[in-house]
$ cat target-v2.cif   # mmCIF, C-alpha atoms
data_target
#
loop_
_atom_site.label_atom_id
_atom_site.label_comp_id
_atom_site.auth_asym_id
_atom_site.auth_seq_id
_atom_site.Cartn_x
_atom_site.Cartn_y
_atom_site.Cartn_z
CA MET A 1 2.64 0.97 -23.14
CA ALA A 2 1.96 2.49 -26.54
CA ALA A 3 -1.06 0.74 -27.93
CA ARG A 4 -1.34 -1.34 -24.78
CA GLU A 5 -4.08 -3.51 -26.18
CA ASN A 6 -1.93 -4.47 -29.19
CA ILE A 7 1.02 -6.20 -27.56
CA SER A 8 1.92 -7.89 -30.83
CA THR A 9 3.46 -4.59 -31.94
CA LEU A 10 5.64 -4.22 -28.86
CA ASN A 11 8.53 -6.12 -30.40
CA GLY A 12 9.20 -3.08 -32.55
CA GLU A 13 7.79 -4.47 -35.79
CA LYS A 14 5.30 -2.50 -37.80
CA ILE A 15 2.12 -4.05 -39.00
CA GLY A 16 2.32 -3.86 -42.73
CA ASN A 17 0.41 -2.01 -45.40
CA SER A 18 -2.93 -2.74 -47.03
CA ASN A 19 -1.38 -5.48 -49.19
CA ASP A 20 -0.37 -7.52 -46.15
CA THR A 21 -2.64 -10.21 -44.86
CA PRO A 22 -3.54 -10.36 -41.21
CA SER A 23 -2.31 -13.90 -40.94
CA SER A 24 1.15 -12.96 -42.14
CA GLU A 25 1.59 -9.86 -40.01
CA MET A 26 -0.42 -10.41 -36.89
CA CYS A 27 -2.23 -13.21 -35.09
CA VAL A 28 -5.86 -13.56 -34.25
CA THR A 29 -6.26 -13.12 -30.52
CA ASN A 30 -8.97 -15.76 -30.37
CA THR A 31 -10.40 -18.07 -33.04
CA VAL A 32 -13.86 -17.43 -31.57
CA PRO A 33 -15.00 -14.71 -29.18
CA SER A 34 -14.11 -15.69 -25.62
CA GLN A 35 -17.33 -15.45 -23.63
CA VAL A 36 -15.51 -15.98 -20.34
CA THR A 37 -12.98 -13.22 -21.00
CA ILE A 38 -15.68 -10.83 -22.20
CA ALA A 39 -17.75 -11.55 -19.08
CA ILE A 40 -14.71 -10.86 -16.87
CA TYR A 41 -14.02 -7.56 -18.65
CA ILE A 42 -17.65 -6.53 -18.25
CA LEU A 43 -17.43 -7.37 -14.54
CA ILE A 44 -14.19 -5.35 -14.25
CA LEU A 45 -15.85 -2.42 -16.03
CA PHE A 46 -18.88 -2.52 -13.73
CA THR A 47 -16.89 -2.85 -10.49
CA SER A 48 -14.45 -0.12 -11.56
CA LEU A 49 -17.22 2.32 -12.50
CA MET A 50 -19.13 1.62 -9.30
CA GLY A 51 -16.14 1.66 -6.94
CA ASN A 52 -14.51 4.80 -8.33
CA PHE A 53 -17.85 6.59 -8.62
CA LEU A 54 -18.56 5.84 -4.94
CA LEU A 55 -15.12 7.16 -3.97
CA ILE A 56 -15.60 10.38 -5.94
CA THR A 57 -19.14 10.84 -4.59
CA ALA A 58 -18.00 10.32 -0.99
CA TYR A 59 -15.16 12.82 -1.42
CA ALA A 60 -17.48 15.38 -3.06
CA ARG A 61 -19.76 15.21 -0.01
CA MET A 62 -16.95 15.32 2.59
CA LYS A 63 -14.50 17.60 0.77
CA GLU A 64 -11.71 16.64 3.17
CA LYS A 65 -8.32 17.78 1.92
CA LEU A 66 -6.68 14.63 3.32
CA LEU A 67 -8.64 12.52 0.78
CA PHE A 68 -8.00 14.76 -2.23
CA LEU A 69 -5.19 12.60 -3.65
CA ILE A 70 -7.31 9.45 -3.34
CA ALA A 71 -10.15 11.18 -5.23
CA ASN A 72 -7.68 12.14 -7.98
CA MET A 73 -6.59 8.51 -8.31
CA ALA A 74 -10.26 7.47 -8.51
CA VAL A 75 -10.84 9.90 -11.39
CA SER A 76 -7.85 8.51 -13.30
CA ASP A 77 -8.94 4.90 -12.72
CA LEU A 78 -12.43 5.82 -13.89
CA LEU A 79 -11.00 7.14 -17.16
CA VAL A 80 -8.98 3.95 -17.64
CA ALA A 81 -12.18 1.92 -17.27
CA ILE A 82 -14.07 4.14 -19.72
CA PHE A 83 -11.42 4.30 -22.45
CA GLN A 84 -9.51 1.02 -22.09
CA ILE A 85 -11.86 -1.76 -21.00
CA PRO A 86 -14.37 -1.31 -23.87
CA ARG A 87 -11.41 -1.43 -26.27
CA LEU A 88 -10.27 -4.75 -24.81
CA ILE A 89 -13.82 -6.11 -25.07
CA THR A 90 -13.87 -5.12 -28.77
CA ILE A 91 -10.63 -7.05 -29.35
CA GLU A 92 -12.10 -10.15 -27.72
CA VAL A 93 -15.26 -9.91 -29.85
CA THR A 94 -13.58 -9.24 -33.21
CA GLY A 95 -10.50 -11.46 -32.72
CA TYR A 96 -8.25 -8.59 -33.93
CA PRO A 97 -7.21 -5.28 -32.38
CA ALA A 98 -9.55 -3.80 -35.00
CA PHE A 99 -10.50 -0.13 -34.91
CA LEU A 100 -14.16 0.28 -35.84
CA VAL A 101 -14.07 3.98 -36.81
CA ASP A 102 -12.45 5.04 -40.10
CA GLY A 103 -11.38 8.29 -41.74
CA VAL A 104 -10.01 11.46 -40.17
CA PHE A 105 -12.24 11.10 -37.11
CA GLY A 106 -11.12 7.50 -36.66
CA SER A 107 -7.47 8.57 -36.85
CA PHE A 108 -8.13 11.25 -34.23
CA LEU A 109 -9.88 8.73 -31.95
CA CYS A 110 -6.99 6.29 -32.43
CA LYS A 111 -4.61 8.90 -31.00
CA LEU A 112 -6.96 10.33 -28.37
CA CYS A 113 -8.29 7.08 -26.87
CA ASN A 114 -4.81 5.59 -26.45
CA PHE A 115 -3.52 8.89 -25.06
CA LEU A 116 -6.33 9.27 -22.50
CA SER A 117 -6.30 5.65 -21.35
CA ASP A 118 -2.52 5.59 -20.89
CA ILE A 119 -2.16 9.00 -19.22
CA SER A 120 -4.92 7.89 -16.85
CA LEU A 121 -2.83 4.87 -15.91
CA SER A 122 0.18 7.13 -15.38
CA VAL A 123 -1.86 9.50 -13.21
CA SER A 124 -3.12 6.52 -11.19
CA THR A 125 0.37 5.19 -10.43
CA LEU A 126 1.79 8.69 -9.78
CA SER A 127 -1.16 9.44 -7.47
CA LEU A 128 -0.48 6.20 -5.63
CA VAL A 129 3.12 7.34 -5.09
CA LEU A 130 1.87 10.68 -3.68
CA ILE A 131 -0.69 8.95 -1.44
CA THR A 132 1.96 6.59 -0.08
CA THR A 133 4.38 9.50 0.44
CA GLU A 134 1.67 11.36 2.35
CA ARG A 135 1.09 8.31 4.58
CA PHE A 136 4.85 8.05 5.13
CA PHE A 137 5.04 11.66 6.36
CA ALA A 138 1.92 11.15 8.52
CA VAL A 139 3.65 8.27 10.34
CA VAL A 140 7.33 9.26 10.28
CA HIS A 141 7.19 13.10 10.13
CA PRO A 142 3.76 14.10 11.47
CA LEU A 143 4.66 17.80 11.85
CA THR A 144 5.65 18.04 8.18
CA TYR A 145 2.48 16.17 7.24
CA ARG A 146 0.25 18.64 9.12
CA SER A 147 1.91 21.56 7.33
CA ILE A 148 0.87 20.33 3.86
CA SER A 149 -1.78 22.75 2.63
CA MET A 150 -4.66 22.20 0.23
CA GLN A 151 -2.91 24.44 -2.30
CA THR A 152 0.14 22.16 -2.20
CA ARG A 153 -2.09 19.15 -2.75
CA ARG A 154 -3.73 20.83 -5.75
CA LEU A 155 -0.31 21.53 -7.24
CA LEU A 156 0.72 17.92 -6.73
CA VAL A 157 -2.46 16.66 -8.39
CA ALA A 158 -1.97 19.02 -11.33
CA SER A 159 1.65 17.84 -11.65
CA THR A 160 0.52 14.20 -12.02
CA TRP A 161 -1.67 15.11 -15.03
CA ILE A 162 0.97 17.41 -16.57
CA LEU A 163 3.73 14.80 -16.22
CA ALA A 164 1.50 12.05 -17.59
CA ALA A 165 0.52 14.22 -20.57
CA VAL A 166 4.17 15.02 -21.29
CA PHE A 167 5.18 11.35 -21.03
CA HIS A 168 2.51 10.33 -23.58
CA SER A 169 2.54 13.37 -25.88
CA PRO A 170 4.33 11.36 -28.65
CA TYR A 171 1.09 9.39 -29.05
CA PHE A 172 -0.30 12.20 -31.19
CA TYR A 173 2.48 11.52 -33.68
CA ILE A 174 3.02 7.77 -33.49
CA MET A 175 -0.51 6.33 -33.13
CA ARG A 176 -1.97 5.71 -36.61
CA LEU A 177 -4.71 3.76 -38.34
CA VAL A 178 -3.31 1.10 -40.68
CA SER A 179 -5.41 -0.79 -43.25
CA LEU A 180 -5.13 -4.56 -43.55
CA THR A 181 -6.84 -7.00 -45.87
CA ASN A 182 -10.67 -7.04 -45.83
CA ASN A 183 -10.74 -3.37 -44.76
CA ILE A 184 -9.61 -4.21 -41.23
CA LYS A 185 -8.28 -1.10 -39.49
CA VAL A 186 -5.82 -1.35 -36.61
CA CYS A 187 -4.47 1.44 -34.43
CA VAL A 188 -0.72 0.92 -34.04
CA PRO A 189 2.39 2.98 -33.23
CA SER A 190 4.84 3.98 -35.95
CA TRP A 191 7.79 6.36 -35.44
CA GLU A 192 8.58 6.71 -39.13
CA PRO A 193 9.51 8.76 -41.08
CA ALA A 194 11.00 11.01 -38.40
CA PHE A 195 12.76 8.20 -36.51
CA ASP A 196 13.87 4.62 -36.93
CA HIS A 197 10.81 2.75 -35.69
CA SER A 198 12.48 -0.22 -33.99
CA VAL A 199 15.00 1.84 -32.02
CA ALA A 200 12.63 4.67 -31.06
CA HIS A 201 9.84 2.26 -30.13
CA ARG A 202 12.11 0.23 -27.88
CA TYR A 203 13.60 3.19 -25.99
CA TYR A 204 10.27 4.96 -25.63
CA ASN A 205 8.59 1.88 -24.17
CA ILE A 206 11.50 1.31 -21.80
CA PHE A 207 11.07 4.91 -20.65
CA LEU A 208 7.30 4.44 -20.14
CA PHE A 209 7.65 1.13 -18.32
CA THR A 210 10.27 2.65 -16.02
CA THR A 211 8.42 5.88 -15.18
CA VAL A 212 4.85 4.59 -15.14
CA LEU A 213 5.16 1.09 -13.64
CA ILE A 214 8.59 -0.01 -12.40
CA LEU A 215 9.67 3.09 -10.43
CA PRO A 216 6.22 3.65 -8.84
CA LEU A 217 6.14 -0.01 -7.81
CA LEU A 218 9.58 0.25 -6.19
CA VAL A 219 8.85 3.59 -4.48
CA VAL A 220 5.46 2.48 -3.14
CA SER A 221 6.92 -0.80 -1.87
CA CYS A 222 9.85 0.90 -0.11
CA LEU A 223 7.63 3.58 1.49
CA HIS A 224 5.08 1.04 2.72
CA ILE A 225 7.82 -1.13 4.22
CA SER A 226 9.19 1.95 5.98
CA ILE A 227 5.70 2.82 7.27
CA VAL A 228 5.19 -0.67 8.71
CA VAL A 229 8.66 -0.67 10.32
CA ASN A 230 8.06 2.74 11.93
CA LEU A 231 4.67 1.66 13.23
CA ARG A 232 6.29 -1.33 14.94
CA ARG A 233 9.02 0.88 16.44
CA ASP A 234 6.53 3.33 17.89
CA LYS A 235 7.71 3.89 21.47
CA ILE A 236 4.77 6.02 22.60
CA GLY A 237 2.93 3.76 25.04
CA ALA A 238 -0.17 3.84 27.14
CA GLU A 239 1.42 6.37 29.52
CA CYS A 240 1.30 9.02 26.78
CA ARG A 241 -2.13 8.11 25.40
CA THR A 242 -5.56 7.64 26.87
CA ASP A 243 -7.16 4.22 26.57
CA ILE A 244 -9.36 5.49 23.74
CA GLY A 245 -6.39 7.12 22.03
CA GLU A 246 -4.36 3.92 22.28
CA ARG A 247 -7.20 1.86 20.79
CA ARG A 248 -7.56 4.34 17.93
CA HIS A 249 -3.81 4.28 17.34
CA GLN A 250 -3.77 0.48 17.21
CA GLU A 251 -6.77 0.38 14.88
CA ARG A 252 -5.19 2.98 12.59
CA SER A 253 -1.87 1.11 12.57
CA LYS A 254 -3.64 -2.15 11.74
CA ASN A 255 -5.53 -0.50 8.86
CA LEU A 256 -2.33 1.05 7.50
CA LYS A 257 -0.51 -2.30 7.57
CA LYS A 258 -3.41 -4.07 5.85
CA MET A 259 -3.68 -1.32 3.25
CA ALA A 260 0.08 -1.45 2.64
CA PHE A 261 -0.07 -5.20 2.08
CA ALA A 262 -3.15 -4.91 -0.17
CA THR A 263 -1.65 -2.07 -2.22
CA ILE A 264 1.68 -3.78 -2.87
CA THR A 265 -0.01 -7.12 -3.59
CA ALA A 266 -2.40 -5.50 -6.08
CA LEU A 267 0.47 -3.79 -7.90
CA LEU A 268 2.54 -6.96 -8.09
CA ILE A 269 -0.31 -9.22 -9.18
CA CYS A 270 -1.71 -6.83 -11.77
CA TRP A 271 1.49 -5.62 -13.42
CA SER A 272 4.36 -8.09 -12.88
CA LEU A 273 3.35 -10.45 -15.70
CA TYR A 274 2.62 -7.54 -18.05
CA ILE A 275 6.03 -5.97 -17.38
CA VAL A 276 7.89 -9.27 -17.85
CA ILE A 277 6.36 -10.31 -21.18
CA ASN A 278 6.67 -6.82 -22.65
CA LEU A 279 10.29 -6.40 -21.60
CA LEU A 280 10.97 -9.80 -23.16
CA ALA A 281 9.21 -8.63 -26.33
CA LEU A 282 11.36 -5.48 -26.37
CA PHE A 283 14.76 -7.05 -25.63
CA SER A 284 14.35 -10.61 -26.96
CA PRO A 285 11.57 -10.60 -29.55
CA LYS A 286 12.72 -13.93 -30.99
CA VAL A 287 12.08 -15.65 -27.65
CA LEU A 288 8.36 -14.93 -27.95
CA SER A 289 6.41 -16.25 -30.91
CA LYS A 290 3.44 -13.95 -31.47
CA CYS A 291 1.31 -16.80 -32.84
CA ASN A 292 2.29 -19.30 -30.17
CA ARG A 293 -0.79 -20.49 -28.27
CA ILE A 294 0.89 -20.32 -24.85
CA PHE A 295 2.14 -16.78 -25.50
CA ARG A 296 -1.35 -15.67 -26.57
CA ILE A 297 -2.83 -17.11 -23.37
CA VAL A 298 -0.19 -15.43 -21.20
CA ARG A 299 -0.67 -12.15 -23.08
CA SER A 300 -4.44 -12.30 -22.53
CA ILE A 301 -3.95 -12.97 -18.81
CA ALA A 302 -1.52 -10.04 -18.55
CA LEU A 303 -4.01 -7.68 -20.20
CA LEU A 304 -6.80 -9.01 -18.00
CA LEU A 305 -4.81 -8.43 -14.82
CA GLY A 306 -3.86 -4.93 -15.98
CA GLY A 307 -7.55 -4.18 -16.45
CA VAL A 308 -8.35 -5.43 -12.95
CA TYR A 309 -6.04 -2.78 -11.45
CA CYS A 310 -8.37 0.14 -12.22
CA ALA A 311 -11.07 -1.55 -10.13
CA LEU A 312 -8.90 -2.77 -7.23
CA ASN A 313 -7.64 0.66 -6.13
CA ALA A 314 -11.12 1.95 -5.40
CA TRP A 315 -12.21 -1.07 -3.37
CA ILE A 316 -8.96 -1.12 -1.39
CA CYS A 317 -9.60 2.52 -0.40
CA LEU A 318 -13.27 1.85 0.42
CA LEU A 319 -12.24 -1.11 2.56
CA PHE A 320 -9.31 0.41 4.46
CA VAL A 321 -10.13 4.15 4.65
CA PRO A 322 -12.92 4.28 7.26
CA ARG A 323 -13.97 7.83 6.40
CA PHE A 324 -15.11 6.77 2.93
CA SER A 325 -17.14 3.83 4.21
CA ARG A 326 -18.67 5.91 7.02
CA GLU A 327 -19.76 8.59 4.55
CA LEU A 328 -21.29 6.01 2.21
CA PHE A 329 -23.19 4.36 5.09
CA SER A 330 -24.34 7.81 6.16
CA MET A 331 -25.63 8.50 2.64
CA CYS A 332 -27.56 5.21 2.66
CA ARG A 333 -29.12 5.95 6.07
CA ARG A 334 -30.26 9.37 4.88
CA LYS A 335 -31.96 7.89 1.84
CA THR A 336 -33.60 4.92 3.61
CA PRO A 337 -36.14 6.87 5.72
CA ARG A 338 -37.10 8.97 2.73
CA ASN A 339 -37.75 5.86 0.62
CA SER A 340 -39.73 4.18 3.39
CA VAL A 341 -41.91 7.29 3.76
CA MET A 342 -42.60 7.30 0.05
CA GLN A 343 -43.57 3.61 0.18
CA GLN A 344 -45.96 4.21 3.06
CA LYS A 345 -47.66 7.00 1.12
#
$ encode --input "target-v2.cif" --output "structure tokens"
Amino acid sequence: MAARENISTLNGEKIGNSNDTPSSEMCVTNTVPSQVTIAIYILILFTSLMGNFLLITAYARMKEKLLFLIANMAVSDLLVAIFQIPRLITIEVTGYPAFLVDGVFGSFLCKLCNFLSDISLSVSTLSLVLITTERFFAVVHPLTYRSISMQTRRLLVASTWILAAVFHSPYFYIMRLVSLTNNIKVCVPSWEPAFDHSVAHRYYNIFLFTTVLILPLLVVSCLHISIVVNLRRDKIGAECRTDIGERRHQERSKNLKKMAFATITALLICWSLYIVINLLALFSPKVLSKCNRIFRIVRSIALLLGGVYCALNAWICLLFVPRFSRELFSMCRRKTPRNSVMQQK
């Protein structure tokens, strides 16, 4: 996770000093800028900004406490798009994970940008765990769910940011600008001199992968499976509900099942490949040749899919949470008459 955009460092090796050549220490990501990849990243950036902005705007107008956790996830995904996607576009354009700002300010940005982009990812996955837990209580323990106050939700949201900041606080020590030949600057992690770099880097990344990706994926999957199973076992029939109530219940159950499937699928598609190749790089670095063409292609696909995740969450919520879509349609209807009046004038 540290220096996510520079996976070539995840095998625990340091990129050398200013006397090292880029060809001997690291591989060019592309011999020429990849127009297709850049176009995809720009599309991801646009859809993420638009989707998460719409979610936040809709929540700000409704201010419903039940949607507070979703709004928090949208904020974190928005920060990932702002701090991470432009960095990945720069790598595609330059062919290296080059850092374009030098000096003390560049060193500070090296630490800050990686810190903010990665804590935002942590907040997003932790928020998804909280959202899924809330849905679980709404279906399985509705009385407990109704007793959750807005203050409790605020504390839970604050805890996601505090935990994420604690998890990634070592970034302010390890992330550094390193000079390569031809004044190329790269932002890479280094645990020295306080720790042995290879050992510390491996254990820290295992910790991050476990807490930020693997455990959330397992928890969300288990909770969603439990939700679907409990919805199917629901014994309350038409005799206990009105016809309208039964239709609403069926519609809500259908939306929950679809959202569960979409959420788990998005997590698996976006992060499985990334987790696999990075765990291989950590445990069996000799298996992966950094300059191998196939590995570079797979690495690029993994980064691309990871970038897609910050856009998918918002559109899944807009598609399967009717209150968001209704509010957005309501906003459009309010603006349409006003615009038509202005045109007639």
$ residues_around --input "target-v2.cif" --residues "Ala81 in chain A" --least-positions-apart "2" --cutoff "7 Å" --atoms "all atoms listed in the file" --output "number ranges by chain"
A: 45, 48-49, 77-79, 83-85, 310
$ closest_atom_pairs --input "target-v2.cif" --of "range 138-177 of chain A" --to "range 186-208 of chain A" --cutoff "8 Å" --atoms "all atoms listed in the file" --output "Markdown table"
| residue | atom | partner | partner_atom | distance |
| --- | --- | --- | --- | --- |
| A:Phe167 | CA | A:Leu208 | CA | 7.3 |
| A:Tyr171 | CA | A:Pro189 | CA | 7.8 |
| A:Tyr173 | CA | A:Trp191 | CA | 7.6 |
| A:Ile174 | CA | A:Pro189 | CA | 4.8 |
| A:Met175 | CA | A:Pro189 | CA | 4.4 |
| A:Arg176 | CA | A:Cys187 | CA | 5.4 |
| A:Leu177 | CA | A:Cys187 | CA | 4.6 |
$ residues_around --input "target-v2.cif" --residues "His168 in chain A" --least-positions-apart "3" --cutoff "9 Å" --atoms "only C-alpha atoms" --output "number ranges by chain"
A: 2, 115-116, 118-119, 163-165, 171-172, 208
$ write_last_selection --input "target-v2.cif" --atoms "C-alpha atoms" --output "PDB file, in the coordinates of the input"
ATOM      1  CA  ALA A   2       1.960   2.490 -26.540  1.00  0.00           C
ATOM      2  CA  PHE A 115      -3.520   8.890 -25.060  1.00  0.00           C
ATOM      3  CA  LEU A 116      -6.330   9.270 -22.500  1.00  0.00           C
ATOM      4  CA  ASP A 118      -2.520   5.590 -20.890  1.00  0.00           C
ATOM      5  CA  ILE A 119      -2.160   9.000 -19.220  1.00  0.00           C
ATOM      6  CA  LEU A 163       3.730  14.800 -16.220  1.00  0.00           C
ATOM      7  CA  ALA A 164       1.500  12.050 -17.590  1.00  0.00           C
ATOM      8  CA  ALA A 165       0.520  14.220 -20.570  1.00  0.00           C
ATOM      9  CA  TYR A 171       1.090   9.390 -29.050  1.00  0.00           C
ATOM     10  CA  PHE A 172      -0.300  12.200 -31.190  1.00  0.00           C
ATOM     11  CA  LEU A 208       7.300   4.440 -20.140  1.00  0.00           C
TER      12      LEU A 208
END
$ atom_distance --input "target-v2.cif" --atom1 "CA of Ile264 in chain A" --atom2 "CA of Ser221 in chain A"
6.1 Å
$ resolve_selection --input "target-v2.cif" --expression "the PyMOL selection byres ((chain A and resi 140) around 9)" --output "list in words"
Arg135, Phe136, Phe137, Ala138, Val139, His141, Pro142, Tyr145, Ser226, Ile227, Asn230 and Leu231 of chain A
$ atom_distance --input "target-v2.cif" --atom1 "CA of Ser159 in chain A" --atom2 "CA of Val212 in chain A"
14.1 Å
$ atom_distance --input "target-v2.cif" --atom1 "CA of Ser284 in chain A" --atom2 "CA of Arg299 in chain A"
15.6 Å
$ resolve_selection --input "target-v2.cif" --expression "the PyMOL selection byres ((chain A and resi 51) around 9)" --output "list in words"
Phe46, Thr47, Ser48, Leu49, Met50, Asn52, Phe53, Leu54, Leu55, Ile56, Ala74, Leu78, Ala311, Leu312, Asn313, Ala314, Trp315 and Leu318 of chain A
$ closest_residue --input "target-v2.cif" --among "A:Cys317, A:Met150, A:Leu215, A:Leu304" --to "Met73 in chain A" --atoms "all atoms listed in the file"
A:Cys317
$ closest_residue --input "target-v2.cif" --among "A:Gln151, A:Ser124, A:Ser34, A:Thr90" --to "Ile70 in chain A" --atoms "all atoms listed in the file"
A:Ser124
$ residues_around --input "target-v2.cif" --residues "Val321 in chain A" --least-positions-apart "2" --cutoff "12 Å" --atoms "all atoms listed in the file" --output "PyMOL selection string"
chain A and resi 55+58-59+66-67+70+135+251-260+313-319+323-328
$ closest_residue --input "target-v2.cif" --among "A:Leu126, A:Ile301, A:Val157, A:Ile38" --to "Ala71 in chain A" --atoms "only C-alpha atoms"
A:Val157
$ closest_residue --input "target-v2.cif" --among "A:Ser149, A:Asn278, A:Asn183, A:Thr125" --to "Lys65 in chain A" --atoms "only C-alpha atoms"
A:Ser149
$ residues_near_point --input "target-v2.cif" --point "(-17.4, -15.5, -24.9)" --cutoff "12 Å" --atoms "only C-alpha atoms" --output "list of chain:residue names"
A:Asn30, A:Thr31, A:Val32, A:Pro33, A:Ser34, A:Gln35, A:Val36, A:Thr37, A:Ile38, A:Ala39, A:Ile40, A:Tyr41, A:Ile42, A:Ile89, A:Thr90, A:Ile91, A:Glu92, A:Val93, A:Thr94, A:Gly95
$ write_last_selection --input "target-v2.cif" --atoms "C-alpha atoms" --output "PDB file, in the frame of the given file"
ATOM      1  CA  ASN A  30      -8.970 -15.760 -30.370  1.00  0.00           C
ATOM      2  CA  THR A  31     -10.400 -18.070 -33.040  1.00  0.00           C
ATOM      3  CA  VAL A  32     -13.860 -17.430 -31.570  1.00  0.00           C
ATOM      4  CA  PRO A  33     -15.000 -14.710 -29.180  1.00  0.00           C
ATOM      5  CA  SER A  34     -14.110 -15.690 -25.620  1.00  0.00           C
ATOM      6  CA  GLN A  35     -17.330 -15.450 -23.630  1.00  0.00           C
ATOM      7  CA  VAL A  36     -15.510 -15.980 -20.340  1.00  0.00           C
ATOM      8  CA  THR A  37     -12.980 -13.220 -21.000  1.00  0.00           C
ATOM      9  CA  ILE A  38     -15.680 -10.830 -22.200  1.00  0.00           C
ATOM     10  CA  ALA A  39     -17.750 -11.550 -19.080  1.00  0.00           C
ATOM     11  CA  ILE A  40     -14.710 -10.860 -16.870  1.00  0.00           C
ATOM     12  CA  TYR A  41     -14.020  -7.560 -18.650  1.00  0.00           C
ATOM     13  CA  ILE A  42     -17.650  -6.530 -18.250  1.00  0.00           C
ATOM     14  CA  ILE A  89     -13.820  -6.110 -25.070  1.00  0.00           C
ATOM     15  CA  THR A  90     -13.870  -5.120 -28.770  1.00  0.00           C
ATOM     16  CA  ILE A  91     -10.630  -7.050 -29.350  1.00  0.00           C
ATOM     17  CA  GLU A  92     -12.100 -10.150 -27.720  1.00  0.00           C
ATOM     18  CA  VAL A  93     -15.260  -9.910 -29.850  1.00  0.00           C
ATOM     19  CA  THR A  94     -13.580  -9.240 -33.210  1.00  0.00           C
ATOM     20  CA  GLY A  95     -10.500 -11.460 -32.720  1.00  0.00           C
TER      21      GLY A  95
END
$ residues_around --input "target-v2.cif" --residues "Val101 in chain A" --least-positions-apart "6" --cutoff "10 Å" --atoms "all atoms listed in the file" --output "ChimeraX atom specification"
/A:107-110,177,185-186
$ closest_residue --input "target-v2.cif" --among "A:Leu100, A:Ile44, A:Val75, A:Ile294" --to "Ile184 in chain A" --atoms "only C-alpha atoms"
A:Leu100
$ decode --input "target-v2.cif" --residues "range 311-322 of chain A" --atoms "N, CA, C and O atoms" --output "mmCIF file, in the first residue's frame"
data_model
loop_
_atom_site.group_PDB
_atom_site.id
_atom_site.type_symbol
_atom_site.label_atom_id
_atom_site.label_comp_id
_atom_site.auth_asym_id
_atom_site.auth_seq_id
_atom_site.Cartn_x
_atom_site.Cartn_y
_atom_site.Cartn_z
ATOM 1 N N ALA A 311 -14.750 5.194 -8.099
ATOM 2 C CA ALA A 311 -15.904 5.658 -8.863
ATOM 3 C C ALA A 311 -17.106 4.725 -8.718
ATOM 4 O O ALA A 311 -18.257 5.173 -8.723
ATOM 5 N N LEU A 312 -16.840 3.417 -8.567
ATOM 6 C CA LEU A 312 -17.931 2.436 -8.532
ATOM 7 C C LEU A 312 -18.836 2.595 -7.317
ATOM 8 O O LEU A 312 -20.058 2.462 -7.425
ATOM 9 N N ASN A 313 -18.236 2.857 -6.135
ATOM 10 C CA ASN A 313 -19.034 2.956 -4.913
ATOM 11 C C ASN A 313 -20.172 3.947 -5.054
ATOM 12 O O ASN A 313 -21.315 3.681 -4.673
ATOM 13 N N ALA A 314 -19.849 5.129 -5.587
ATOM 14 C CA ALA A 314 -20.848 6.192 -5.694
ATOM 15 C C ALA A 314 -22.002 5.779 -6.598
ATOM 16 O O ALA A 314 -23.179 5.969 -6.264
ATOM 17 N N TRP A 315 -21.678 5.191 -7.752
ATOM 18 C CA TRP A 315 -22.727 4.834 -8.705
ATOM 19 C C TRP A 315 -23.544 3.642 -8.236
ATOM 20 O O TRP A 315 -24.739 3.535 -8.554
ATOM 21 N N ILE A 316 -22.942 2.744 -7.458
ATOM 22 C CA ILE A 316 -23.717 1.656 -6.853
ATOM 23 C C ILE A 316 -24.757 2.226 -5.891
ATOM 24 O O ILE A 316 -25.925 1.813 -5.888
ATOM 25 N N CYS A 317 -24.331 3.193 -5.069
ATOM 26 C CA CYS A 317 -25.261 3.821 -4.113
ATOM 27 C C CYS A 317 -26.356 4.604 -4.838
ATOM 28 O O CYS A 317 -27.533 4.539 -4.468
ATOM 29 N N LEU A 318 -25.979 5.353 -5.875
ATOM 30 C CA LEU A 318 -26.972 6.122 -6.628
ATOM 31 C C LEU A 318 -27.977 5.204 -7.316
ATOM 32 O O LEU A 318 -29.147 5.550 -7.482
ATOM 33 N N LEU A 319 -27.523 4.014 -7.699
ATOM 34 C CA LEU A 319 -28.391 3.084 -8.415
ATOM 35 C C LEU A 319 -29.309 2.313 -7.473
ATOM 36 O O LEU A 319 -30.486 2.092 -7.791
ATOM 37 N N PHE A 320 -28.810 1.934 -6.295
ATOM 38 C CA PHE A 320 -29.567 1.027 -5.435
ATOM 39 C C PHE A 320 -30.120 1.662 -4.163
ATOM 40 O O PHE A 320 -30.810 0.987 -3.397
ATOM 41 N N VAL A 321 -29.805 2.924 -3.895
ATOM 42 C CA VAL A 321 -30.408 3.627 -2.751
ATOM 43 C C VAL A 321 -31.399 4.632 -3.316
ATOM 44 O O VAL A 321 -31.018 5.721 -3.766
ATOM 45 N N PRO A 322 -32.693 4.304 -3.339
ATOM 46 C CA PRO A 322 -33.688 5.137 -4.019
ATOM 47 C C PRO A 322 -33.750 6.572 -3.505
ATOM 48 O O PRO A 322 -34.062 7.488 -4.271
#
